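Scroll down for the structure; my scribbles are underneath it.
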Amino acid sequence: MSVVLEQIFQVGFLAAIIRIATPLAFATLGEMFSERAGVLNLGIEGIMLLSAMTGFTATSLSGSLWLGVLVAMLNGMLMGALHALFTVALGLSQHVCGIGVTLFSSGLAYFLYRLIFGQQSVPPSIKGFQTLPIPVLSDIPVLGPAVFNQFALVYMAILAIPLAAFILYRTPWGLSVRMVGENPRAADSAGVGVIATRFQAVILGGALMGLAGAFLSMAQFNAFTFGVVSGRGWVAIALVVFGRWDPWRSAGAALLFAFVDALQLRMQASGLGHIPYEAFLMLPFIFTIVAMAFMSRNAVAPSALLKPFRREER
Amino acid sequence: MRGITKSFGAVKANEAVDLSVAPGEILGLLGENGAGKTTLMNVLFGAYAPDAGEILIQGRPTRITSSADALAAGIGMVHQHFHLAPRLTVLENLLIGIPGKSGRIDRAGGLTRLAEIGRQHGLTLDPDVPVSALSVGEQQRLEIVKALFRGAKLLILDEPTAVLAPSEVDGLFSALRSMAAQGLGIIFISHKLNEVRALTHRCTVLRHGHVAGRVDDPANTTSAAMAQLMCGHEIVPPARGSSTPGEPVLTLDGISTSKHSGTALRGVSLAVRAGEILGIAGVSGNGQRALAEVISGMISPEAGRMTIAGKQVARFTPREVQALGLGRIPEDRMTTGLVTNLPLADSMVLPRIGTSAFSNKGLLKPDAIRAFAEAQIKAYDIRCPGPMTRAGALSGGNLQKALLARELAFDPKVLVVSQPTRGLDIGAARFIHEKFLDMRAKGCGIVVIGEDLEELLVLCDRIAVMYEGRIVGTLDSGAATVARLGLLMTGAEGKA
């Protein structure tokens, strides 16, 4: 057993946690912004998939990784705007529209991928992001190679957490977002454009979801496959609840999930081979359910979540 | 405001209403529920677009299509239901919509301004507590400060005293007088005549969406004269004739509860006889809610017995007690009274939906339901576009009438009501009281749970006082005074 543990807990393991947490952190922060403004975005799974596809395609055709990232973000923003159009401007059911956005985006991603790349025996791949060691910091023992010898997108995710907290808690726009998510009528009577603020928050959330997708196809796998997202979007929705709609806690939740996921990967690879690997695959999800059940009891959702805002309604 | 007209569907909420306020003036806006006071103010504040008419601010016609426009024009509004985010802090609620300083929330500036307003008008607030930790009075203060914070020159207060304790009302009035003295215009919406007379300089009375009259000297005008303007006819308090109570129709014997939130009952015994109105007085939160819920079968007592019309209640379920002849009007009309998103007609038959009157072999009889609702709407003068209106769109008085109609239509032997006239205007309250007295004459036993002692003294034959889950005393109407009841309510006499 100690051999197994030794295999598991090493520098590579820490690095894997950070790497696995990155797309989850982007996605969770994106969903959090949207929900703080009162809009549940169940389109997240599909938005991540479509962004992963468009980002990958842009890079594959142009050779520029950053252009791919940009395309993925813009694509995420566009799908966010679509979701906001239905749920904010038209005030339709956030559940139904979100699932619609996911189904539409996934279908579109598969369709466009086939259209552009055809049916190839060897799936096309790109030369994805390479690790970018940060001078001096990457020399710190253990922590250095784990945290500061990563992809550029990982550093972006790490910076995105305090930035999100700053925006949400320290800027007038962030206050508006929180207010429209708690009491849109109060925001409206204070002269804040409820519809505009919600649109902006959902679109910002879409950009972050796009980044999450880009990370998967352009840094983690360097290829687009139909299973590239495989439920990470749904997990992010749970992590937002687990993180109580707070950027720091949400990021922490992403890290915790990544820990369990990295652990199960190691366990698959280690000497516990007589257990079917599917059992290990379940672990992070079982963890999510258990964590949700125990930790989220006193989590209070934004009061106006799921509630469309119409001014003249009494 | 000139010639303001606004309709909701077929209902004209405002028709050709003129109104003016000068700086330093407190204008009273009087009217019964549904007279169009709130609608008029929402037009002024940009929440509703008027169908016709114009708004002039300092003589200039101004288009107000959003609250942002209203704020820019110097109009601030304190709504009846506060527009605050409970989980955000006082300061955050103040700073919402205010541009920051170099991209950040201007915390220092906000604190300075808050302190300034506090000094000027005696409205002090702790900036960093979440709003949910504030009392209702403090939340209202925050709403006023919020309006001043944005530089309001005209402040609209929609029924501000409805939520306040008497001591808080005095504080509010002195703050409002101080603001008026410093040149602010104030519109004070109310249906409480004594408040309007005490506070305002002038007042405009609305009735059915029209201006029914103006009073230039409210302090020296009688309440009766103003009430007549409001209702269109004279208001006489109902006379409670004598009645000879019959057999007990509701008895509670040593009822104790525990498994619920709020104050539990500890050995409550009481009896209501046919043709009697029993009042339950007490400071809110001393077990009145548990009492109402036990009687209406919503919670089961741990110990004790209850009988309705001589029969012992075996299972405490709403259906069981209802079948025994109990009618109830709950405290919260919106959540436990009616289903606000369903048509009024459906809400009115809901407790009896399974009876043969409204359904047959598991299928509803829509025509019967509609006919019943239409008859009640007519009989009780419930103002609404029709039986298929969403219940939530009705005003408080009309909702209460609908609830009363629903219960009384089935001749209950006992009626339990909580806070029967809270938030209602004189006309509606008067109507409800009359109905209670009618029922009393017909031999119904009525339990009125309330905090308004004046109301209980007018209505009740006997008044029991609750304190910490017990009944600490029962007074006959002849012996009961506000002072004696007040003493019992603090538990003083109970301990002695």
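We name chains A, B, ... following the order of the structure tokens; residues begin at 1 in each chain, and ligands are numbered from 1 as shown.
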
Quick one: everything within 12 Å of stretch 119-122 of chain A, counting only C-alpha atoms, minus sequence neighbours fewer than 6 positions away in the same chain. Send it as a ChimeraX atom specification.
-> /A:110-113,223-225

If the cut-off is 7 Å, can you tell me the residues of chain A near chain B, counting only C-alpha atoms? I'd like them as a PDB file with N, CA, C and O atoms, in the first residue's frame.
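Listed below is the output, iface.pdb:
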ATOM      1  N   ARG A 170     -15.437  44.605  -5.530  1.00  0.00           N
ATOM      2  CA  ARG A 170     -14.840  45.927  -5.359  1.00  0.00           C
ATOM      3  C   ARG A 170     -15.226  46.937  -6.444  1.00  0.00           C
ATOM      4  O   ARG A 170     -14.876  48.095  -6.333  1.00  0.00           O
ATOM      5  N   THR A 171     -15.893  46.465  -7.494  1.00  0.00           N
ATOM      6  CA  THR A 171     -16.222  47.426  -8.551  1.00  0.00           C
ATOM      7  C   THR A 171     -17.729  47.688  -8.567  1.00  0.00           C
ATOM      8  O   THR A 171     -18.517  46.841  -8.161  1.00  0.00           O
ATOM      9  N   PRO A 172     -18.111  48.894  -9.039  1.00  0.00           N
ATOM     10  CA  PRO A 172     -19.544  49.195  -9.140  1.00  0.00           C
ATOM     11  C   PRO A 172     -20.268  48.189 -10.023  1.00  0.00           C
ATOM     12  O   PRO A 172     -21.409  47.805  -9.739  1.00  0.00           O
ATOM     13  N   LEU A 175     -20.968  45.116  -8.030  1.00  0.00           N
ATOM     14  CA  LEU A 175     -22.072  45.351  -7.100  1.00  0.00           C
ATOM     15  C   LEU A 175     -23.405  45.272  -7.840  1.00  0.00           C
ATOM     16  O   LEU A 175     -24.370  44.678  -7.352  1.00  0.00           O
ATOM     17  N   SER A 176     -23.423  45.839  -9.065  1.00  0.00           N
ATOM     18  CA  SER A 176     -24.645  45.769  -9.864  1.00  0.00           C
ATOM     19  C   SER A 176     -24.999  44.319 -10.163  1.00  0.00           C
ATOM     20  O   SER A 176     -26.170  43.935 -10.085  1.00  0.00           O
ATOM     21  N   MET A 179     -26.438  42.817  -7.136  1.00  0.00           N
ATOM     22  CA  MET A 179     -27.758  43.378  -6.841  1.00  0.00           C
ATOM     23  C   MET A 179     -28.819  42.824  -7.790  1.00  0.00           C
ATOM     24  O   MET A 179     -29.905  42.471  -7.343  1.00  0.00           O
ATOM     25  N   GLU A 182     -29.799  39.495  -6.641  1.00  0.00           N
ATOM     26  CA  GLU A 182     -30.492  39.407  -5.360  1.00  0.00           C
ATOM     27  C   GLU A 182     -31.881  40.029  -5.448  1.00  0.00           C
ATOM     28  O   GLU A 182     -32.864  39.433  -5.022  1.00  0.00           O
ATOM     29  N   ASN A 183     -31.940  41.238  -5.950  1.00  0.00           N
ATOM     30  CA  ASN A 183     -33.208  41.958  -5.999  1.00  0.00           C
ATOM     31  C   ASN A 183     -33.209  42.904  -7.197  1.00  0.00           C
ATOM     32  O   ASN A 183     -32.852  44.064  -7.074  1.00  0.00           O
ATOM     33  N   ARG A 185     -35.475  44.378  -8.733  1.00  0.00           N
ATOM     34  CA  ARG A 185     -36.329  45.553  -8.602  1.00  0.00           C
ATOM     35  C   ARG A 185     -35.578  46.681  -7.881  1.00  0.00           C
ATOM     36  O   ARG A 185     -35.696  47.846  -8.230  1.00  0.00           O
ATOM     37  N   ALA A 186     -34.811  46.290  -6.867  1.00  0.00           N
ATOM     38  CA  ALA A 186     -34.026  47.283  -6.136  1.00  0.00           C
ATOM     39  C   ALA A 186     -32.995  47.909  -7.065  1.00  0.00           C
ATOM     40  O   ALA A 186     -32.789  49.120  -7.064  1.00  0.00           O
ATOM     41  N   ALA A 187     -32.354  47.065  -7.868  1.00  0.00           N
ATOM     42  CA  ALA A 187     -31.358  47.571  -8.800  1.00  0.00           C
ATOM     43  C   ALA A 187     -32.024  48.517  -9.796  1.00  0.00           C
ATOM     44  O   ALA A 187     -31.519  49.599 -10.084  1.00  0.00           O
ATOM     45  N   ASP A 188     -33.176  48.113 -10.283  1.00  0.00           N
ATOM     46  CA  ASP A 188     -33.893  48.929 -11.257  1.00  0.00           C
ATOM     47  C   ASP A 188     -34.253  50.281 -10.659  1.00  0.00           C
ATOM     48  O   ASP A 188     -34.061  51.320 -11.289  1.00  0.00           O
ATOM     49  N   SER A 189     -34.739  50.273  -9.428  1.00  0.00           N
ATOM     50  CA  SER A 189     -35.147  51.541  -8.837  1.00  0.00           C
ATOM     51  C   SER A 189     -33.942  52.396  -8.477  1.00  0.00           C
ATOM     52  O   SER A 189     -34.078  53.572  -8.205  1.00  0.00           O
ATOM     53  N   ALA A 190     -32.751  51.790  -8.484  1.00  0.00           N
ATOM     54  CA  ALA A 190     -31.545  52.578  -8.256  1.00  0.00           C
ATOM     55  C   ALA A 190     -30.948  53.038  -9.578  1.00  0.00           C
ATOM     56  O   ALA A 190     -29.864  53.595  -9.618  1.00  0.00           O
ATOM     57  N   GLY A 191     -31.658  52.782 -10.653  1.00  0.00           N
ATOM     58  CA  GLY A 191     -31.206  53.255 -11.951  1.00  0.00           C
ATOM     59  C   GLY A 191     -30.221  52.325 -12.646  1.00  0.00           C
ATOM     60  O   GLY A 191     -29.589  52.702 -13.619  1.00  0.00           O
ATOM     61  N   VAL A 192     -30.072  51.105 -12.139  1.00  0.00           N
ATOM     62  CA  VAL A 192     -29.182  50.144 -12.781  1.00  0.00           C
ATOM     63  C   VAL A 192     -29.967  49.409 -13.871  1.00  0.00           C
ATOM     64  O   VAL A 192     -31.099  48.989 -13.639  1.00  0.00           O
ATOM     65  N   ARG A 311     -40.411  44.692 -15.887  1.00  0.00           N
ATOM     66  CA  ARG A 311     -40.596  45.872 -15.069  1.00  0.00           C
ATOM     67  C   ARG A 311     -42.049  46.093 -14.632  1.00  0.00           C
ATOM     68  O   ARG A 311     -42.311  46.392 -13.484  1.00  0.00           O
ATOM     69  N   GLU A 312     -42.994  45.978 -15.543  1.00  0.00           N
ATOM     70  CA  GLU A 312     -44.357  46.385 -15.182  1.00  0.00           C
ATOM     71  C   GLU A 312     -45.151  45.291 -14.486  1.00  0.00           C
ATOM     72  O   GLU A 312     -46.331  45.451 -14.236  1.00  0.00           O
ATOM     73  N   ARG A 314     -46.684  43.222 -11.629  1.00  0.00           N
ATOM     74  CA  ARG A 314     -46.972  43.531 -10.229  1.00  0.00           C
ATOM     75  C   ARG A 314     -46.874  42.296  -9.354  1.00  0.00           C
ATOM     76  O   ARG A 314     -47.114  41.206  -9.815  1.00  0.00           O
TER      77      ARG A 314
END

What's around A:Ile195 at 12 Å? Count only C-alpha atoms, leave out sequence neighbours fewer than 4 positions away in its own chain, and write the answer as an mmCIF file with N, CA, C and O atoms, in the first residue's frame.
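After the write, selection24.cif holds the following:
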data_model
loop_
_atom_site.group_PDB
_atom_site.id
_atom_site.type_symbol
_atom_site.label_atom_id
_atom_site.label_comp_id
_atom_site.auth_asym_id
_atom_site.auth_seq_id
_atom_site.Cartn_x
_atom_site.Cartn_y
_atom_site.Cartn_z
ATOM 1 N N ALA A 37 -25.676 37.032 -11.281
ATOM 2 C CA ALA A 37 -26.578 38.016 -11.894
ATOM 3 C C ALA A 37 -28.004 37.473 -11.991
ATOM 4 O O ALA A 37 -28.888 38.156 -12.484
ATOM 5 N N GLY A 38 -28.204 36.221 -11.556
ATOM 6 C CA GLY A 38 -29.555 35.661 -11.554
ATOM 7 C C GLY A 38 -29.872 34.772 -12.729
ATOM 8 O O GLY A 38 -31.022 34.444 -12.967
ATOM 9 N N VAL A 39 -28.852 34.391 -13.505
ATOM 10 C CA VAL A 39 -29.115 33.570 -14.685
ATOM 11 C C VAL A 39 -28.363 32.247 -14.584
ATOM 12 O O VAL A 39 -27.134 32.212 -14.605
ATOM 13 N N ALA A 81 -24.454 35.283 -25.136
ATOM 14 C CA ALA A 81 -25.413 36.293 -25.587
ATOM 15 C C ALA A 81 -26.699 35.623 -26.060
ATOM 16 O O ALA A 81 -27.799 36.129 -25.820
ATOM 17 N N ALA A 84 -28.597 34.630 -23.039
ATOM 18 C CA ALA A 84 -29.154 35.832 -22.405
ATOM 19 C C ALA A 84 -30.332 36.368 -23.203
ATOM 20 O O ALA A 84 -31.307 36.856 -22.635
ATOM 21 N N LEU A 85 -30.229 36.262 -24.523
ATOM 22 C CA LEU A 85 -31.336 36.731 -25.366
ATOM 23 C C LEU A 85 -32.635 36.013 -24.976
ATOM 24 O O LEU A 85 -33.673 36.633 -24.782
ATOM 25 N N PHE A 86 -32.537 34.690 -24.840
ATOM 26 C CA PHE A 86 -33.729 33.904 -24.497
ATOM 27 C C PHE A 86 -34.186 34.157 -23.058
ATOM 28 O O PHE A 86 -35.353 34.379 -22.788
ATOM 29 N N THR A 87 -33.217 34.103 -22.130
ATOM 30 C CA THR A 87 -33.615 34.076 -20.720
ATOM 31 C C THR A 87 -33.759 35.464 -20.115
ATOM 32 O O THR A 87 -34.581 35.667 -19.228
ATOM 33 N N VAL A 88 -32.936 36.426 -20.581
ATOM 34 C CA VAL A 88 -32.973 37.760 -19.975
ATOM 35 C C VAL A 88 -33.903 38.681 -20.764
ATOM 36 O O VAL A 88 -34.845 39.234 -20.223
ATOM 37 N N ALA A 89 -33.634 38.784 -22.074
ATOM 38 C CA ALA A 89 -34.438 39.707 -22.872
ATOM 39 C C ALA A 89 -35.868 39.184 -23.011
ATOM 40 O O ALA A 89 -36.824 39.929 -22.847
ATOM 41 N N LEU A 90 -36.006 37.887 -23.299
ATOM 42 C CA LEU A 90 -37.351 37.348 -23.509
ATOM 43 C C LEU A 90 -37.937 36.733 -22.243
ATOM 44 O O LEU A 90 -39.113 36.411 -22.198
ATOM 45 N N GLY A 91 -37.108 36.542 -21.229
ATOM 46 C CA GLY A 91 -37.602 36.039 -19.948
ATOM 47 C C GLY A 91 -38.105 34.598 -19.997
ATOM 48 O O GLY A 91 -39.013 34.228 -19.266
ATOM 49 N N SER A 176 -23.423 45.839 -9.065
ATOM 50 C CA SER A 176 -24.645 45.769 -9.864
ATOM 51 C C SER A 176 -24.999 44.319 -10.163
ATOM 52 O O SER A 176 -26.170 43.935 -10.085
ATOM 53 N N VAL A 177 -23.985 43.525 -10.492
ATOM 54 C CA VAL A 177 -24.238 42.110 -10.780
ATOM 55 C C VAL A 177 -24.867 41.433 -9.568
ATOM 56 O O VAL A 177 -25.892 40.753 -9.670
ATOM 57 N N VAL A 180 -28.522 42.731 -9.079
ATOM 58 C CA VAL A 180 -29.548 42.212 -9.993
ATOM 59 C C VAL A 180 -29.817 40.733 -9.724
ATOM 60 O O VAL A 180 -30.886 40.227 -10.042
ATOM 61 N N GLY A 181 -28.846 40.050 -9.122
ATOM 62 C CA GLY A 181 -29.064 38.649 -8.788
ATOM 63 C C GLY A 181 -29.834 38.476 -7.484
ATOM 64 O O GLY A 181 -30.415 37.432 -7.236
ATOM 65 N N PRO A 184 -33.594 42.373 -8.368
ATOM 66 C CA PRO A 184 -33.533 43.195 -9.582
ATOM 67 C C PRO A 184 -34.379 44.464 -9.475
ATOM 68 O O PRO A 184 -34.019 45.491 -10.029
ATOM 69 N N ARG A 185 -35.475 44.378 -8.733
ATOM 70 C CA ARG A 185 -36.329 45.553 -8.602
ATOM 71 C C ARG A 185 -35.578 46.681 -7.881
ATOM 72 O O ARG A 185 -35.696 47.846 -8.230
ATOM 73 N N ALA A 187 -32.354 47.065 -7.868
ATOM 74 C CA ALA A 187 -31.358 47.571 -8.800
ATOM 75 C C ALA A 187 -32.024 48.517 -9.796
ATOM 76 O O ALA A 187 -31.519 49.599 -10.084
ATOM 77 N N ASP A 188 -33.176 48.113 -10.283
ATOM 78 C CA ASP A 188 -33.893 48.929 -11.257
ATOM 79 C C ASP A 188 -34.253 50.281 -10.659
ATOM 80 O O ASP A 188 -34.061 51.320 -11.289
ATOM 81 N N GLY A 191 -31.658 52.782 -10.653
ATOM 82 C CA GLY A 191 -31.206 53.255 -11.951
ATOM 83 C C GLY A 191 -30.221 52.325 -12.646
ATOM 84 O O GLY A 191 -29.589 52.702 -13.619
ATOM 85 N N PHE A 199 -27.109 40.674 -19.156
ATOM 86 C CA PHE A 199 -26.479 40.328 -20.426
ATOM 87 C C PHE A 199 -24.963 40.302 -20.271
ATOM 88 O O PHE A 199 -24.295 39.340 -20.661
ATOM 89 N N GLN A 200 -24.426 41.384 -19.686
ATOM 90 C CA GLN A 200 -22.967 41.483 -19.550
ATOM 91 C C GLN A 200 -22.420 40.328 -18.716
ATOM 92 O O GLN A 200 -21.408 39.715 -19.074
ATOM 93 N N ALA A 201 -23.092 40.010 -17.623
ATOM 94 C CA ALA A 201 -22.589 38.943 -16.747
ATOM 95 C C ALA A 201 -22.630 37.591 -17.454
ATOM 96 O O ALA A 201 -21.694 36.796 -17.344
ATOM 97 N N VAL A 202 -23.699 37.332 -18.185
ATOM 98 C CA VAL A 202 -23.812 36.044 -18.880
ATOM 99 C C VAL A 202 -22.767 35.963 -19.990
ATOM 100 O O VAL A 202 -22.164 34.908 -20.222
ATOM 101 N N PRO A 308 -36.932 35.699 -14.128
ATOM 102 C CA PRO A 308 -36.794 36.755 -15.133
ATOM 103 C C PRO A 308 -37.311 38.084 -14.578
ATOM 104 O O PRO A 308 -38.133 38.099 -13.662
ATOM 105 N N PHE A 309 -36.813 39.162 -15.111
ATOM 106 C CA PHE A 309 -37.212 40.484 -14.628
ATOM 107 C C PHE A 309 -38.061 41.180 -15.679
ATOM 108 O O PHE A 309 -37.637 41.359 -16.815
ATOM 109 N N ARG A 310 -39.275 41.510 -15.293
ATOM 110 C CA ARG A 310 -40.112 42.330 -16.167
ATOM 111 C C ARG A 310 -40.597 43.513 -15.361
ATOM 112 O O ARG A 310 -41.121 43.354 -14.272
ATOM 113 N N ARG A 311 -40.411 44.692 -15.887
ATOM 114 C CA ARG A 311 -40.596 45.872 -15.069
ATOM 115 C C ARG A 311 -42.049 46.093 -14.632
ATOM 116 O O ARG A 311 -42.311 46.392 -13.484
#

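From atom CA of B:Ala405 back to atom CA of B:Asp346, the distance works out to 13.2 Å.
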
Got a sec: who's within 10 Å of A:Ser138, counting only C-alpha atoms, leaving out chain neighbours fewer than 6 positions off, as number ranges by chain?
-> A: 132, 144-150

Mind listing the strand (DSSP E or B) residues of stretch 85-192 of chain A, per DSSP on the backbone, as a PyMOL selection string?
-> chain A and resi 125+132-133+149-150

Export N, CA, C and O atoms of the chosen residues as a PDB file, in the first residue's frame?
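Done, and the output landed in selection.pdb:
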ATOM      1  N   SER A 125      -4.559  16.647 -35.053  1.00  0.00           N
ATOM      2  CA  SER A 125      -4.149  17.231 -33.779  1.00  0.00           C
ATOM      3  C   SER A 125      -3.331  18.475 -34.058  1.00  0.00           C
ATOM      4  O   SER A 125      -2.927  18.736 -35.186  1.00  0.00           O
ATOM      5  N   LEU A 132       5.364  26.578 -19.641  1.00  0.00           N
ATOM      6  CA  LEU A 132       6.097  27.832 -19.659  1.00  0.00           C
ATOM      7  C   LEU A 132       6.612  28.077 -18.247  1.00  0.00           C
ATOM      8  O   LEU A 132       5.917  28.652 -17.417  1.00  0.00           O
ATOM      9  N   PRO A 133       7.824  27.557 -17.940  1.00  0.00           N
ATOM     10  CA  PRO A 133       8.316  27.728 -16.573  1.00  0.00           C
ATOM     11  C   PRO A 133       8.558  29.202 -16.265  1.00  0.00           C
ATOM     12  O   PRO A 133       9.091  29.933 -17.105  1.00  0.00           O
ATOM     13  N   ASN A 149       5.425  25.660 -13.420  1.00  0.00           N
ATOM     14  CA  ASN A 149       5.921  25.091 -14.664  1.00  0.00           C
ATOM     15  C   ASN A 149       4.724  24.514 -15.406  1.00  0.00           C
ATOM     16  O   ASN A 149       4.577  23.317 -15.560  1.00  0.00           O
ATOM     17  N   GLN A 150       3.843  25.434 -15.805  1.00  0.00           N
ATOM     18  CA  GLN A 150       2.570  25.025 -16.378  1.00  0.00           C
ATOM     19  C   GLN A 150       2.304  25.772 -17.680  1.00  0.00           C
ATOM     20  O   GLN A 150       3.108  26.599 -18.111  1.00  0.00           O
TER      21      GLN A 150
END

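Of the residues listed (B:Ala227, B:Ala219, B:Ala274, B:Ala16), B:Ala227 shows the shortest atom-to-atom separation from B:Arg430; distances use only C-alpha atoms.
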
Could you give me, as a PyMOL selection string, the residues within 12 Å of B:Val43, counting only C-alpha atoms and dropping anything in the same chain fewer than 3 positions from it?
-> (chain A and resi 312) or (chain B and resi 1-7+13-14+17+36-40+46-55+63-67+69-70+75+77+156)

Run DSSP on the backbone and give me the residues of stretch 78-159 of chain B it puts in helix (DSSP H, G or I), as a ChimeraX atom specification.
-> /B:90-95,107-121,131-133,136-149

Close residues, stretch 268-285 of chain A itself excluded, 7 Å, only C-alpha atoms, min 4 positions apart in chain, as JSON, numbers by chain = {"A": [4, 257, 260, 261, 264, 289]}

Within 8 Å of B:Met306, counting only C-alpha atoms, which residues show up once you throw out same-chain ones fewer than 3 positions away? Write them as a VMD selection string, please.
-> chain B and resid 250 to 253 255 312 to 313

Grab the residues selected above and save them as a PDB file, in the first residue's frame with N, CA, C and O atoms.
ATOM      1  N   LEU B 250     -66.019  25.894  19.825  1.00  0.00           N
ATOM      2  CA  LEU B 250     -64.616  25.517  19.722  1.00  0.00           C
ATOM      3  C   LEU B 250     -64.047  25.498  21.135  1.00  0.00           C
ATOM      4  O   LEU B 250     -64.183  26.467  21.871  1.00  0.00           O
ATOM      5  N   THR B 251     -63.461  24.365  21.531  1.00  0.00           N
ATOM      6  CA  THR B 251     -62.794  24.348  22.829  1.00  0.00           C
ATOM      7  C   THR B 251     -61.396  23.782  22.658  1.00  0.00           C
ATOM      8  O   THR B 251     -61.172  22.855  21.883  1.00  0.00           O
ATOM      9  N   LEU B 252     -60.495  24.370  23.387  1.00  0.00           N
ATOM     10  CA  LEU B 252     -59.136  23.840  23.460  1.00  0.00           C
ATOM     11  C   LEU B 252     -58.894  23.511  24.919  1.00  0.00           C
ATOM     12  O   LEU B 252     -59.238  24.309  25.794  1.00  0.00           O
ATOM     13  N   ASP B 253     -58.310  22.339  25.162  1.00  0.00           N
ATOM     14  CA  ASP B 253     -58.107  21.921  26.538  1.00  0.00           C
ATOM     15  C   ASP B 253     -56.660  21.476  26.713  1.00  0.00           C
ATOM     16  O   ASP B 253     -56.268  20.418  26.232  1.00  0.00           O
ATOM     17  N   ILE B 255     -53.796  22.466  25.388  1.00  0.00           N
ATOM     18  CA  ILE B 255     -53.046  22.214  24.152  1.00  0.00           C
ATOM     19  C   ILE B 255     -51.586  22.682  24.307  1.00  0.00           C
ATOM     20  O   ILE B 255     -51.326  23.830  24.672  1.00  0.00           O
ATOM     21  N   GLN B 312     -64.834  15.895  19.024  1.00  0.00           N
ATOM     22  CA  GLN B 312     -63.398  15.978  19.257  1.00  0.00           C
ATOM     23  C   GLN B 312     -62.623  15.807  17.940  1.00  0.00           C
ATOM     24  O   GLN B 312     -62.972  14.975  17.096  1.00  0.00           O
ATOM     25  N   VAL B 313     -61.589  16.613  17.800  1.00  0.00           N
ATOM     26  CA  VAL B 313     -60.757  16.505  16.596  1.00  0.00           C
ATOM     27  C   VAL B 313     -59.796  15.342  16.791  1.00  0.00           C
ATOM     28  O   VAL B 313     -59.000  15.331  17.740  1.00  0.00           O
TER      29      VAL B 313
END

Minimum-distance residue to B:Glu195, chosen among B:Leu457, B:Leu155, B:Leu29, B:Ala409 (using only C-alpha atoms) = B:Leu29

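Of note, atom CA of B:Thr222 and atom CA of B:Asn194 are spaced 9.3 Å apart.
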